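Source file: model-v3.csv. Holds: CSV, C-alpha atoms and all ligand atoms.
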chain,number,residue,atom,x,y,z
A,1,MET,CA,-12.9,-16.0,-31.6
A,2,ARG,CA,-9.3,-15.1,-32.9
A,3,THR,CA,-6.3,-16.5,-31.1
A,4,TYR,CA,-3.0,-14.7,-31.1
A,5,ARG,CA,0.2,-16.7,-30.5
A,6,ILE,CA,2.4,-14.7,-28.2
A,7,VAL,CA,6.2,-14.9,-27.4
A,8,LEU,CA,7.2,-13.1,-24.2
A,9,SER,CA,10.9,-12.2,-23.9
A,10,GLY,CA,11.8,-11.0,-20.4
A,11,LEU,CA,10.1,-12.3,-17.3
A,12,GLY,CA,11.1,-9.6,-14.8
A,13,ASN,CA,8.8,-6.9,-13.2
A,14,VAL,CA,7.1,-6.1,-16.5
A,15,GLY,CA,7.0,-9.6,-18.0
A,16,ARG,CA,5.6,-11.1,-14.9
A,17,SER,CA,3.0,-8.3,-14.7
A,18,PHE,CA,2.0,-9.2,-18.3
A,19,LEU,CA,1.5,-12.9,-17.3
A,20,THR,CA,-0.7,-11.7,-14.5
A,21,ILE,CA,-2.7,-9.6,-16.8
A,22,MET,CA,-3.1,-12.4,-19.4
A,23,GLN,CA,-4.9,-14.3,-16.7
A,24,SER,CA,-6.9,-11.5,-15.1
A,25,GLN,CA,-8.1,-10.0,-18.5
A,26,ALA,CA,-8.8,-13.2,-20.4
A,27,THR,CA,-12.5,-13.1,-19.9
A,28,LEU,CA,-12.7,-9.4,-20.8
A,29,LEU,CA,-10.7,-9.9,-24.0
A,30,ALA,CA,-13.0,-12.8,-25.0
A,31,ARG,CA,-16.2,-11.0,-24.3
A,32,ARG,CA,-15.3,-7.5,-25.5
A,33,TYR,CA,-13.1,-8.3,-28.5
A,34,ARG,CA,-13.5,-12.0,-29.1
A,35,ILE,CA,-9.7,-12.4,-28.8
A,36,ALA,CA,-7.7,-15.0,-26.9
A,37,LEU,CA,-3.9,-14.8,-26.2
A,38,ARG,CA,-1.9,-18.0,-26.3
A,39,LEU,CA,1.6,-17.9,-24.8
A,40,VAL,CA,3.6,-20.2,-27.1
A,41,ALA,CA,7.0,-19.3,-25.8
A,42,ALA,CA,8.7,-17.3,-23.0
A,43,ALA,CA,12.4,-16.4,-22.4
A,44,ASP,CA,14.5,-15.2,-19.5
A,45,SER,CA,18.3,-15.0,-19.0
A,46,GLY,CA,18.4,-18.8,-18.2
A,47,GLY,CA,16.7,-20.0,-21.3
A,48,VAL,CA,13.2,-20.6,-22.8
A,49,ALA,CA,10.1,-22.6,-22.6
A,50,ILE,CA,8.1,-23.5,-25.7
A,51,ASP,CA,4.7,-25.1,-26.2
A,52,ALA,CA,2.7,-24.5,-29.4
A,53,GLY,CA,-0.4,-25.6,-27.4
A,54,GLY,CA,0.1,-22.8,-24.9
A,55,LEU,CA,2.2,-22.4,-21.7
A,56,ASP,CA,0.5,-21.9,-18.4
A,57,PRO,CA,1.2,-18.3,-17.2
A,58,ALA,CA,0.6,-19.4,-13.5
A,59,ALA,CA,3.2,-22.1,-13.7
A,60,ILE,CA,5.8,-19.6,-15.1
A,61,LEU,CA,4.9,-17.1,-12.4
A,62,ALA,CA,5.4,-19.8,-9.7
A,63,LEU,CA,8.8,-20.6,-11.0
A,64,LYS,CA,9.9,-17.0,-11.2
A,65,GLN,CA,8.6,-16.4,-7.7
A,66,HIS,CA,11.1,-19.0,-6.5
A,67,GLY,CA,13.9,-17.3,-8.5
A,68,ARG,CA,14.2,-20.0,-11.1
A,69,SER,CA,14.4,-19.8,-14.9
A,70,VAL,CA,11.6,-20.6,-17.2
A,71,ALA,CA,14.1,-23.2,-18.6
A,72,ALA,CA,13.2,-25.3,-15.6
A,73,LEU,CA,9.5,-25.6,-16.7
A,74,PRO,CA,8.8,-29.4,-16.9
A,75,GLY,CA,8.3,-30.7,-20.4
A,76,SER,CA,8.8,-27.3,-22.2
A,77,GLY,CA,11.8,-25.6,-20.7
A,78,THR,CA,15.3,-25.6,-22.3
A,79,SER,CA,18.5,-23.8,-21.4
A,80,GLY,CA,21.0,-22.4,-23.8
A,81,ILE,CA,18.5,-20.8,-26.2
A,82,SER,CA,18.7,-17.0,-26.6
A,83,PRO,CA,15.7,-14.8,-27.4
A,84,VAL,CA,16.9,-14.3,-31.0
A,85,ASP,CA,17.3,-18.1,-31.5
A,86,LEU,CA,13.8,-18.5,-30.1
A,87,VAL,CA,12.3,-15.9,-32.5
A,88,ARG,CA,14.2,-17.5,-35.4
A,89,ARG,CA,12.5,-20.9,-34.8
A,90,ILE,CA,9.1,-20.2,-33.3
A,91,GLU,CA,5.8,-19.9,-35.2
A,92,ALA,CA,4.0,-17.0,-33.5
A,93,ASP,CA,2.1,-13.8,-34.3
A,94,ILE,CA,3.4,-11.3,-31.8
A,95,LEU,CA,6.8,-10.8,-30.0
A,96,LEU,CA,6.5,-9.0,-26.6
A,97,GLU,CA,9.9,-7.6,-25.7
A,98,ALA,CA,10.6,-6.8,-22.0
A,99,THR,CA,14.3,-7.5,-21.5
A,100,PRO,CA,16.6,-4.9,-19.9
A,101,VAL,CA,17.7,-1.7,-21.7
A,102,ASN,CA,21.2,-1.8,-23.2
A,103,LEU,CA,22.0,1.6,-24.8
A,104,THR,CA,25.4,0.4,-26.2
A,105,THR,CA,24.4,-2.7,-28.2
A,106,GLY,CA,20.6,-2.8,-27.8
A,107,GLN,CA,20.9,-6.5,-27.1
A,108,PRO,CA,19.3,-9.0,-26.5
A,109,GLY,CA,16.2,-7.0,-27.6
A,110,LEU,CA,17.4,-5.5,-30.8
A,111,ASP,CA,18.2,-8.7,-32.7
A,112,ALA,CA,15.0,-10.4,-31.4
A,113,VAL,CA,12.8,-7.5,-32.7
A,114,ARG,CA,14.7,-7.3,-36.0
A,115,THR,CA,14.3,-11.0,-36.6
A,116,ALA,CA,10.6,-11.0,-35.6
A,117,LEU,CA,9.8,-8.1,-38.0
A,118,ARG,CA,11.8,-9.7,-40.8
A,119,ARG,CA,9.9,-12.9,-40.3
A,120,GLY,CA,6.6,-11.0,-40.5
A,121,MET,CA,5.9,-11.2,-36.8
A,122,HIS,CA,4.4,-8.2,-35.0
A,123,ALA,CA,6.5,-6.7,-32.2
A,124,VAL,CA,5.4,-4.9,-29.0
A,125,LEU,CA,8.2,-3.4,-27.0
A,126,ALA,CA,8.5,-2.2,-23.3
A,127,ASN,CA,12.3,-2.2,-23.8
A,128,LYS,CA,13.2,1.2,-25.3
A,129,GLY,CA,16.9,0.3,-26.1
A,130,PRO,CA,16.2,-1.1,-29.6
A,131,LEU,CA,14.2,2.0,-30.6
A,132,ALA,CA,16.6,4.5,-29.1
A,133,LEU,CA,19.5,2.9,-31.1
A,134,ALA,CA,17.7,1.8,-34.3
A,135,TYR,CA,14.4,3.5,-34.7
A,136,ALA,CA,14.7,4.2,-38.4
A,137,GLU,CA,15.8,0.6,-39.2
A,138,LEU,CA,13.0,-0.9,-37.2
A,139,ALA,CA,10.3,1.5,-38.5
A,140,ALA,CA,11.4,0.7,-42.1
A,141,LEU,CA,10.8,-3.1,-41.4
A,142,SER,CA,7.3,-2.4,-40.0
A,143,ASP,CA,4.1,-0.4,-40.4
A,144,MET,CA,5.8,2.6,-38.7
A,145,GLY,CA,7.8,3.3,-41.8
A,146,GLU,CA,7.1,6.7,-43.4
A,147,ASP,CA,4.3,6.4,-46.1
A,148,SER,CA,5.5,6.1,-49.7
A,149,GLU,CA,4.3,4.8,-53.0
A,150,GLU,CA,6.8,1.9,-52.9
A,151,ARG,CA,5.9,0.7,-49.5
A,152,GLY,CA,2.2,0.5,-50.3
A,153,ASP,CA,-0.4,-0.2,-47.6
A,154,PRO,CA,1.1,0.0,-44.1
A,155,ARG,CA,-1.1,-2.9,-43.0
A,156,ASP,CA,0.9,-5.2,-45.4
A,157,TRP,CA,3.8,-4.7,-43.0
A,158,PRO,CA,4.2,-6.3,-39.5
A,159,ALA,CA,3.2,-3.9,-36.8
A,160,LEU,CA,5.7,-2.2,-34.4
A,161,ARG,CA,4.2,-0.8,-31.2
A,162,PHE,CA,5.9,0.7,-28.3
A,163,SER,CA,3.5,2.7,-26.2
A,164,ALA,CA,5.0,1.2,-23.0
A,165,CYS,CA,8.4,2.6,-23.9
A,166,VAL,CA,7.5,6.3,-23.4
A,167,GLY,CA,6.2,6.7,-19.8
A,168,GLY,CA,4.6,3.4,-18.8
A,169,ALA,CA,0.9,3.6,-19.6
A,170,LEU,CA,1.0,7.4,-20.3
A,171,PRO,CA,-0.6,7.7,-23.8
A,172,THR,CA,2.3,9.9,-25.0
A,173,ILE,CA,2.5,8.2,-28.5
A,174,ALA,CA,-1.2,7.9,-29.0
A,175,ILE,CA,-1.9,11.6,-28.3
A,176,GLY,CA,1.0,12.7,-30.4
A,177,ARG,CA,0.3,10.5,-33.4
A,178,ARG,CA,-3.5,10.0,-33.3
A,179,ASP,CA,-5.1,12.7,-31.3
A,180,LEU,CA,-3.1,15.6,-32.6
A,181,ALA,CA,-3.4,14.5,-36.2
A,182,GLY,CA,-3.7,17.5,-38.5
A,183,ALA,CA,-2.0,19.9,-36.0
A,184,THR,CA,1.6,21.0,-35.8
A,185,ILE,CA,3.3,20.3,-32.5
A,186,VAL,CA,5.4,23.4,-31.7
A,187,ARG,CA,6.8,22.3,-28.3
A,188,VAL,CA,6.8,19.3,-26.1
A,189,GLU,CA,7.5,19.2,-22.3
A,190,ALA,CA,7.5,15.9,-20.5
A,191,VAL,CA,8.5,14.1,-17.3
A,192,LEU,CA,8.9,10.5,-18.6
A,193,ASN,CA,11.2,8.9,-15.9
A,194,GLY,CA,9.2,7.7,-12.9
A,195,THR,CA,12.3,6.8,-10.9
A,196,THR,CA,13.8,10.3,-10.9
A,197,GLN,CA,10.4,11.9,-10.3
A,198,GLY,CA,10.0,9.7,-7.2
A,199,ILE,CA,13.5,10.4,-6.0
A,200,LEU,CA,13.2,14.2,-6.4
A,201,ARG,CA,9.8,14.4,-4.7
A,202,ALA,CA,11.2,12.2,-1.8
A,203,MET,CA,14.3,14.4,-1.5
A,204,GLU,CA,12.1,17.5,-1.2
A,205,GLN,CA,10.6,15.8,1.9
A,206,GLY,CA,14.1,15.3,3.3
A,207,VAL,CA,14.7,11.6,2.3
A,208,ALA,CA,18.4,11.0,1.4
A,209,TYR,CA,19.1,10.3,-2.3
A,210,ALA,CA,20.3,6.7,-1.8
A,211,ASP,CA,17.3,5.8,0.3
A,212,ALA,CA,14.9,7.3,-2.3
A,213,LEU,CA,16.6,5.3,-5.1
A,214,ALA,CA,16.5,2.1,-3.1
A,215,GLU,CA,12.8,2.5,-2.5
A,216,MET,CA,12.1,2.9,-6.3
A,217,GLN,CA,14.2,-0.3,-6.9
A,218,ARG,CA,12.3,-2.2,-4.2
A,219,ARG,CA,9.0,-1.3,-6.0
A,220,GLY,CA,10.3,-2.6,-9.3
A,221,LEU,CA,10.1,0.8,-10.9
A,222,ALA,CA,13.8,1.5,-11.5
A,223,GLU,CA,15.7,0.3,-14.5
A,224,THR,CA,17.7,-2.9,-14.1
A,225,ASP,CA,20.8,-0.6,-14.3
A,226,PRO,CA,19.5,2.5,-12.3
A,227,SER,CA,22.3,4.7,-13.6
A,228,LEU,CA,20.2,4.9,-16.8
A,229,ASP,CA,17.5,6.6,-14.7
A,230,VAL,CA,19.5,9.0,-12.6
A,231,GLU,CA,21.9,10.1,-15.3
A,232,GLY,CA,19.1,10.9,-17.6
A,233,TRP,CA,19.6,8.3,-20.4
A,234,ASP,CA,16.3,6.5,-19.8
A,235,ALA,CA,14.5,9.8,-20.3
A,236,ALA,CA,16.7,10.7,-23.3
A,237,SER,CA,15.8,7.3,-24.9
A,238,LYS,CA,12.1,8.1,-24.5
A,239,LEU,CA,12.6,11.6,-26.0
A,240,THR,CA,14.4,10.0,-28.9
A,241,ILE,CA,11.5,7.7,-29.6
A,242,LEU,CA,9.0,10.6,-29.2
A,243,ALA,CA,11.0,12.8,-31.6
A,244,ASN,CA,11.0,10.0,-34.2
A,245,ALA,CA,7.5,8.7,-33.8
A,246,VAL,CA,5.6,11.9,-33.0
A,247,LEU,CA,7.7,14.8,-34.4
A,248,HIS,CA,8.7,12.7,-37.5
A,249,ARG,CA,12.3,14.0,-36.9
A,250,PRO,CA,15.0,11.4,-37.5
A,251,THR,CA,16.8,11.4,-34.1
A,252,THR,CA,19.3,9.4,-32.2
A,253,LEU,CA,20.5,9.6,-28.6
A,254,ALA,CA,23.5,11.7,-29.8
A,255,ASP,CA,21.1,14.5,-30.8
A,256,ILE,CA,19.9,15.1,-27.2
A,257,HIS,CA,21.6,17.2,-24.6
A,258,VAL,CA,21.5,15.1,-21.4
A,259,ARG,CA,22.1,16.0,-17.7
A,260,GLY,CA,20.8,13.7,-14.9
A,261,ILE,CA,19.8,14.4,-11.3
A,262,THR,CA,22.9,13.2,-9.5
A,263,GLY,CA,24.3,16.7,-9.0
A,264,LEU,CA,21.1,17.9,-7.2
A,265,THR,CA,20.9,18.3,-3.5
A,266,THR,CA,18.0,18.5,-1.1
A,267,ALA,CA,19.0,22.2,-0.6
A,268,ASP,CA,18.6,22.9,-4.3
A,269,LEU,CA,15.1,21.4,-4.3
A,270,ARG,CA,14.0,23.2,-1.2
A,271,ALA,CA,15.4,26.5,-2.5
A,272,ALA,CA,13.4,26.1,-5.7
A,273,LEU,CA,10.3,25.5,-3.7
A,274,ALA,CA,10.9,28.6,-1.6
A,275,ARG,CA,11.0,30.6,-4.9
A,276,GLY,CA,7.6,29.0,-6.0
A,277,GLU,CA,9.2,26.5,-8.3
A,278,ARG,CA,9.6,22.7,-8.5
A,279,ILE,CA,12.6,21.0,-10.1
A,280,VAL,CA,11.7,18.1,-12.4
A,281,LEU,CA,13.8,16.1,-14.9
A,282,LEU,CA,12.3,17.7,-18.0
A,283,CYS,CA,12.3,16.3,-21.5
A,284,LEU,CA,12.0,19.2,-23.8
A,285,ALA,CA,11.6,19.5,-27.6
A,286,GLU,CA,11.8,23.1,-28.5
A,287,TYR,CA,11.6,24.4,-32.1
A,288,ARG,CA,14.2,27.1,-33.0
A,289,GLY,CA,13.2,28.1,-36.5
A,290,ASP,CA,12.9,24.8,-38.4
A,291,ASP,CA,15.3,23.0,-36.1
A,292,VAL,CA,14.3,21.1,-32.9
A,293,HIS,CA,16.4,21.4,-29.8
A,294,LEU,CA,16.1,18.3,-27.7
A,295,SER,CA,17.2,18.2,-24.1
A,296,VAL,CA,16.8,16.3,-20.8
A,297,GLN,CA,17.9,18.1,-17.7
A,298,PRO,CA,16.7,19.2,-14.2
A,299,THR,CA,14.5,22.2,-14.8
A,300,PRO,CA,12.7,24.5,-12.4
A,301,LEU,CA,9.0,25.0,-13.3
A,302,PRO,CA,6.5,27.3,-11.7
A,303,LEU,CA,4.3,25.5,-9.2
A,304,THR,CA,1.3,26.2,-11.5
A,305,HIS,CA,2.8,24.3,-14.4
A,306,PRO,CA,0.9,20.9,-15.1
A,307,LEU,CA,4.2,19.0,-14.7
A,308,ALA,CA,5.1,20.8,-11.4
A,309,ARG,CA,1.8,19.8,-9.8
A,310,MET,CA,2.5,16.1,-10.2
A,311,SER,CA,3.2,13.8,-7.2
A,312,ALA,CA,6.0,11.3,-6.7
A,313,ASP,CA,4.3,8.5,-8.7
A,314,GLU,CA,3.2,10.6,-11.6
A,315,MET,CA,4.6,11.2,-15.1
A,316,GLY,CA,3.2,13.6,-17.7
A,317,VAL,CA,3.4,15.2,-21.1
A,318,VAL,CA,2.4,18.6,-22.4
A,319,TYR,CA,2.0,19.1,-26.2
A,320,TYR,CA,1.8,22.7,-27.4
A,321,THR,CA,0.2,22.9,-30.9
A,322,ASP,CA,-0.9,25.4,-33.5
A,323,ILE,CA,-4.6,24.5,-33.9
A,324,SER,CA,-5.3,21.9,-31.2
A,325,GLY,CA,-4.4,24.1,-28.2
A,326,ARG,CA,-2.3,22.7,-25.3
A,327,GLN,CA,-2.9,19.1,-24.5
A,328,SER,CA,-1.6,17.7,-21.2
A,329,ALA,CA,-1.8,14.1,-19.8
A,330,THR,CA,-0.5,12.6,-16.6
A,331,THR,CA,-0.4,9.1,-15.3
A,332,LEU,CA,-0.2,7.8,-11.7
A,333,GLU,CA,1.6,4.5,-11.5
A,334,THR,CA,2.8,2.8,-8.3
A,335,ASP,CA,4.0,-0.5,-9.8
A,336,PRO,CA,5.0,-2.0,-13.2
A,337,MET,CA,1.4,-3.3,-13.9
A,338,PRO,CA,0.4,-0.2,-16.0
A,339,THR,CA,3.4,-0.8,-18.3
A,340,ALA,CA,2.3,-4.3,-18.9
A,341,ALA,CA,-1.2,-2.9,-19.5
A,342,ALA,CA,0.3,-0.6,-22.1
A,343,MET,CA,1.7,-3.7,-23.9
A,344,LEU,CA,-1.7,-5.3,-23.8
A,345,ARG,CA,-3.3,-2.2,-25.4
A,346,ASP,CA,-0.7,-2.4,-28.1
A,347,VAL,CA,-1.5,-6.1,-28.7
A,348,LEU,CA,-5.2,-5.1,-29.0
A,349,ASP,CA,-4.3,-2.2,-31.4
A,350,ILE,CA,-2.6,-4.8,-33.6
A,351,ALA,CA,-5.5,-7.2,-33.3
A,352,ARG,CA,-8.0,-4.6,-34.4
A,353,ARG,CA,-5.7,-3.1,-37.1
B,401,LIG,N1,9.8,-1.7,-14.5
B,401,LIG,C1,9.1,-0.7,-15.1
B,401,LIG,O1,8.2,-0.1,-14.4
B,401,LIG,C2,9.2,-0.4,-16.5
B,401,LIG,C3,8.4,0.6,-17.1
B,401,LIG,C4,8.5,0.8,-18.5
B,401,LIG,C5,9.4,0.1,-19.2
B,401,LIG,N2,10.2,-0.8,-18.7
B,401,LIG,C6,11.1,-1.6,-19.5
B,401,LIG,O2,10.7,-3.0,-19.5
B,401,LIG,C7,11.9,-3.8,-19.6
B,401,LIG,C8,11.9,-4.8,-18.5
B,401,LIG,O3,11.9,-4.1,-17.3
B,401,LIG,P1,11.8,-4.9,-15.9
B,401,LIG,O4,11.6,-3.9,-14.8
B,401,LIG,O5,10.8,-6.0,-16.1
B,401,LIG,O6,13.3,-5.5,-15.9
B,401,LIG,P2,13.8,-6.7,-14.9
B,401,LIG,O7,12.9,-6.9,-13.8
B,401,LIG,O8,15.3,-6.5,-14.7
B,401,LIG,O9,13.6,-8.0,-15.9
B,401,LIG,C9,14.4,-8.3,-17.0
B,401,LIG,C10,14.0,-9.7,-17.5
B,401,LIG,O10,14.8,-9.9,-18.7
B,401,LIG,C11,15.5,-11.1,-18.6
B,401,LIG,N3,16.8,-11.0,-19.3
B,401,LIG,C12,17.9,-10.3,-18.9
B,401,LIG,N4,18.9,-10.6,-19.8
B,401,LIG,C13,18.4,-11.4,-20.7
B,401,LIG,C14,19.0,-12.1,-21.8
B,401,LIG,N5,20.2,-11.9,-22.2
B,401,LIG,N6,18.2,-12.9,-22.5
B,401,LIG,C15,16.9,-13.2,-22.1
B,401,LIG,N7,16.3,-12.6,-21.1
B,401,LIG,C16,17.1,-11.7,-20.4
B,401,LIG,C17,15.7,-11.3,-17.1
B,401,LIG,O11,15.9,-12.7,-16.8
B,401,LIG,P3,16.0,-13.3,-15.4
B,401,LIG,O12,14.5,-13.4,-14.9
B,401,LIG,O13,16.5,-14.7,-15.6
B,401,LIG,O14,16.8,-12.4,-14.5
B,401,LIG,C18,14.3,-10.8,-16.6
B,401,LIG,O15,13.4,-11.8,-16.7
B,401,LIG,C19,13.1,-2.8,-19.6
B,401,LIG,O16,13.6,-2.6,-20.9
B,401,LIG,C20,12.5,-1.6,-19.0
B,401,LIG,O17,13.2,-0.4,-19.5
B,401,LIG,C21,10.1,-1.1,-17.3

Structure re-expressed in structure tokens:
Amino acid sequence: MRTYRIVLSGLGNVGRSFLTIMQSQATLLARRYRIALRLVAAADSGGVAIDAGGLDPAAILALKQHGRSVAALPGSGTSGISPVDLVRRIEADILLEATPVNLTTGQPGLDAVRTALRRGMHAVLANKGPLALAYAELAALSDMGEDSEERGDPRDWPALRFSACVGGALPTIAIGRRDLAGATIVRVEAVLNGTTQGILRAMEQGVAYADALAEMQRRGLAETDPSLDVEGWDAASKLTILANAVLHRPTTLADIHVRGITGLTTADLRAALARGERIVLLCLAEYRGDDVHLSVQPTPLPLTHPLARMSADEMGVVYYTDISGRQSATTLETDPMPTAAAMLRDVLDIARR
């Protein structure tokens, strides 16, 4: 039995779902993989709790349910310690990062992930901000760096995993990097923002924009700052990560043409339907010669298109390739649990590396 010492930064919708999964899947992990996860530290905006012997996920969940910080955990909680301070001092194997996206500074996630990788700790991210702003830097500190003689065996580097960053549990990254190995991807189309997909499908049914957004927030599916969803920047962050990790094209947010859904009306959506089309917030990577054009914008697709057939709670990706045909995947997610499950699959990927 191997035990992995886990640090969980961010105890919101995703972090709490991960704590629930740690409890519900413990027997499966032990039986199937002979792996145990020990939570040695957890952080939220009020502070941290630390216990090398293992914190009780149920006790943290109970505190959070009452709106309190993990700093209030008797015996192990402390206020005034930031995630990066925690990562500097803690002895652990894997950092799980689930704090809010900040597309200006990347903080608090960026410094925590940098520090973890520099200390030789693996990192699993649900927060896409650090990768959208600093993919090349973080990849170079980890096993995601481009292969070279000087770097040697990738397994000698700490692992960086982020499958939860690109469409919840949708296996966007695994399909692109693993399943299409040997092929050339010539085009990618994807719907990677669940909040706007939910809003657009609700508006088609006559629900007002503000009510549709409020419902996605109530279900814990919207970003902490929902303008990132509706103005297209969450989707653009995901496309940035996909372009770097799957298309191997050094990309930053500035390379992406971005337009959100705030200008759309119910009439626009219904007019499209009457023409036999459905408007989605489409992430597109389109090769023009050797150059890749990257965009996020509301786009009408024929109703027969795999991404136009999706319901309100679905996200999807379509890869067009030279030798592997057209590969499509969709995911149906009604709450943040599948995102936490994507973090777990990344932890297992690291454990089985
Ligand atoms: N929700 C989803 O379905 C989903 C899906 C895919 C990816 N993600 C990503 O997962 C991440 C978390 O999302 P979420 O929905 O769980 O967000 P959330 O509910 O807003 O939770 C954010 C957590 O981070 C903590 N936090 C905020 N600022 C902090 C700081 N400066 N230092 C330490 N902790 C801080 C908050 O503390 P308090 O508890 O004290 O407020 C809270 O526990 C985001 O990056 C998001 O993009 C979310």

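The smallest atom-to-atom distance between ligand LIG 401 (chain B) and any of A:Ala208, A:Ala222, A:Leu110, A:Met121, using all atoms listed in the file, is found for A:Ala222.
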
Subject >> Within 6 Å of ligand LIG 401 (chain B) (only C-alpha atoms and all ligand atoms), residues as a ChimeraX atom specification >> reply: /A:10-15,43-46,69,82-83,98-101,108,126-128,164-165,168,220-224,336,339

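Excluding Leu344 in chain A itself and same-chain residues fewer than 3 positions from it, the residues having an atom within 10 Å of it are Phe18, Ile21, Met22, Gln25, Leu96, Val124, Ser163, Ala164, Pro338, Thr339, Ala340, Ala341, Val347, Leu348, Asp349 and Ile350 of chain A, counting all atoms listed in the file.
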
Original post:
Rounded to one decimal in Å, what is the spacing between CA of Leu86 in chain A and CA of Ala52 in chain A?
Top reply: 12.6 Å

**OP:** Name all residues at most 8 Å from Leu284 in chain A (count all atoms listed in the file; drop same-chain ones fewer than 4 positions away) and give them as a PyMOL selection string.
**Re:** chain A and resi 187-190+239+293-296

Original post:
Near Thr78 in chain A, counting only C-alpha atoms, which residues have an atom at most 8 Å away, once you skip same-chain residues fewer than 6 positions from it, shown as a list in words?
Top reply: Gly47, Val48, Ala49, Ala71 and Ala72 of chain A

**OP:** Enter the distance from CA of Ala210 in chain A to CA of Trp233 in chain A, in Å, rounded to one decimal.
**Re:** 18.7 Å

Each residue of range 80-195 of chain A with at least one atom at most 12 Å from range 319-331 of chain A should appear once, together with its nearest atom pair and the corresponding distance in Å (one decimal); atoms considered: all atoms listed in the file; ordering: chain, then increasing residue number; output as JSON lines.
{"residue": "A:Val166", "atom": "CA", "partner": "A:Thr331", "partner_atom": "CA", "distance": 11.7}
{"residue": "A:Gly167", "atom": "CA", "partner": "A:Thr331", "partner_atom": "CA", "distance": 8.3}
{"residue": "A:Gly168", "atom": "CA", "partner": "A:Thr331", "partner_atom": "CA", "distance": 8.4}
{"residue": "A:Ala169", "atom": "CA", "partner": "A:Thr331", "partner_atom": "CA", "distance": 7.1}
{"residue": "A:Leu170", "atom": "CA", "partner": "A:Thr331", "partner_atom": "CA", "distance": 5.5}
{"residue": "A:Pro171", "atom": "CA", "partner": "A:Ala329", "partner_atom": "CA", "distance": 7.6}
{"residue": "A:Thr172", "atom": "CA", "partner": "A:Ala329", "partner_atom": "CA", "distance": 7.8}
{"residue": "A:Ile173", "atom": "CA", "partner": "A:Tyr319", "partner_atom": "CA", "distance": 11.2}
{"residue": "A:Ala174", "atom": "CA", "partner": "A:Ala329", "partner_atom": "CA", "distance": 11.1}
{"residue": "A:Ile175", "atom": "CA", "partner": "A:Gln327", "partner_atom": "CA", "distance": 8.5}
{"residue": "A:Gly176", "atom": "CA", "partner": "A:Tyr319", "partner_atom": "CA", "distance": 7.7}
{"residue": "A:Arg177", "atom": "CA", "partner": "A:Tyr319", "partner_atom": "CA", "distance": 11.3}
{"residue": "A:Asp179", "atom": "CA", "partner": "A:Ser324", "partner_atom": "CA", "distance": 9.2}
{"residue": "A:Leu180", "atom": "CA", "partner": "A:Ser324", "partner_atom": "CA", "distance": 6.8}
{"residue": "A:Ala181", "atom": "CA", "partner": "A:Ser324", "partner_atom": "CA", "distance": 9.1}
{"residue": "A:Gly182", "atom": "CA", "partner": "A:Ile323", "partner_atom": "CA", "distance": 8.4}
{"residue": "A:Ala183", "atom": "CA", "partner": "A:Ile323", "partner_atom": "CA", "distance": 5.7}
{"residue": "A:Thr184", "atom": "CA", "partner": "A:Thr321", "partner_atom": "CA", "distance": 5.4}
{"residue": "A:Ile185", "atom": "CA", "partner": "A:Thr321", "partner_atom": "CA", "distance": 4.4}
{"residue": "A:Val186", "atom": "CA", "partner": "A:Thr321", "partner_atom": "CA", "distance": 5.3}
{"residue": "A:Arg187", "atom": "CA", "partner": "A:Tyr320", "partner_atom": "CA", "distance": 5.1}
{"residue": "A:Val188", "atom": "CA", "partner": "A:Tyr319", "partner_atom": "CA", "distance": 4.8}
{"residue": "A:Glu189", "atom": "CA", "partner": "A:Tyr319", "partner_atom": "CA", "distance": 6.7}
{"residue": "A:Ala190", "atom": "CA", "partner": "A:Tyr319", "partner_atom": "CA", "distance": 8.5}
{"residue": "A:Val191", "atom": "CA", "partner": "A:Thr330", "partner_atom": "CA", "distance": 9.2}
{"residue": "A:Leu192", "atom": "CA", "partner": "A:Thr330", "partner_atom": "CA", "distance": 9.8}
{"residue": "A:Asn193", "atom": "CA", "partner": "A:Thr331", "partner_atom": "CA", "distance": 11.6}
{"residue": "A:Gly194", "atom": "CA", "partner": "A:Thr331", "partner_atom": "CA", "distance": 10.0}
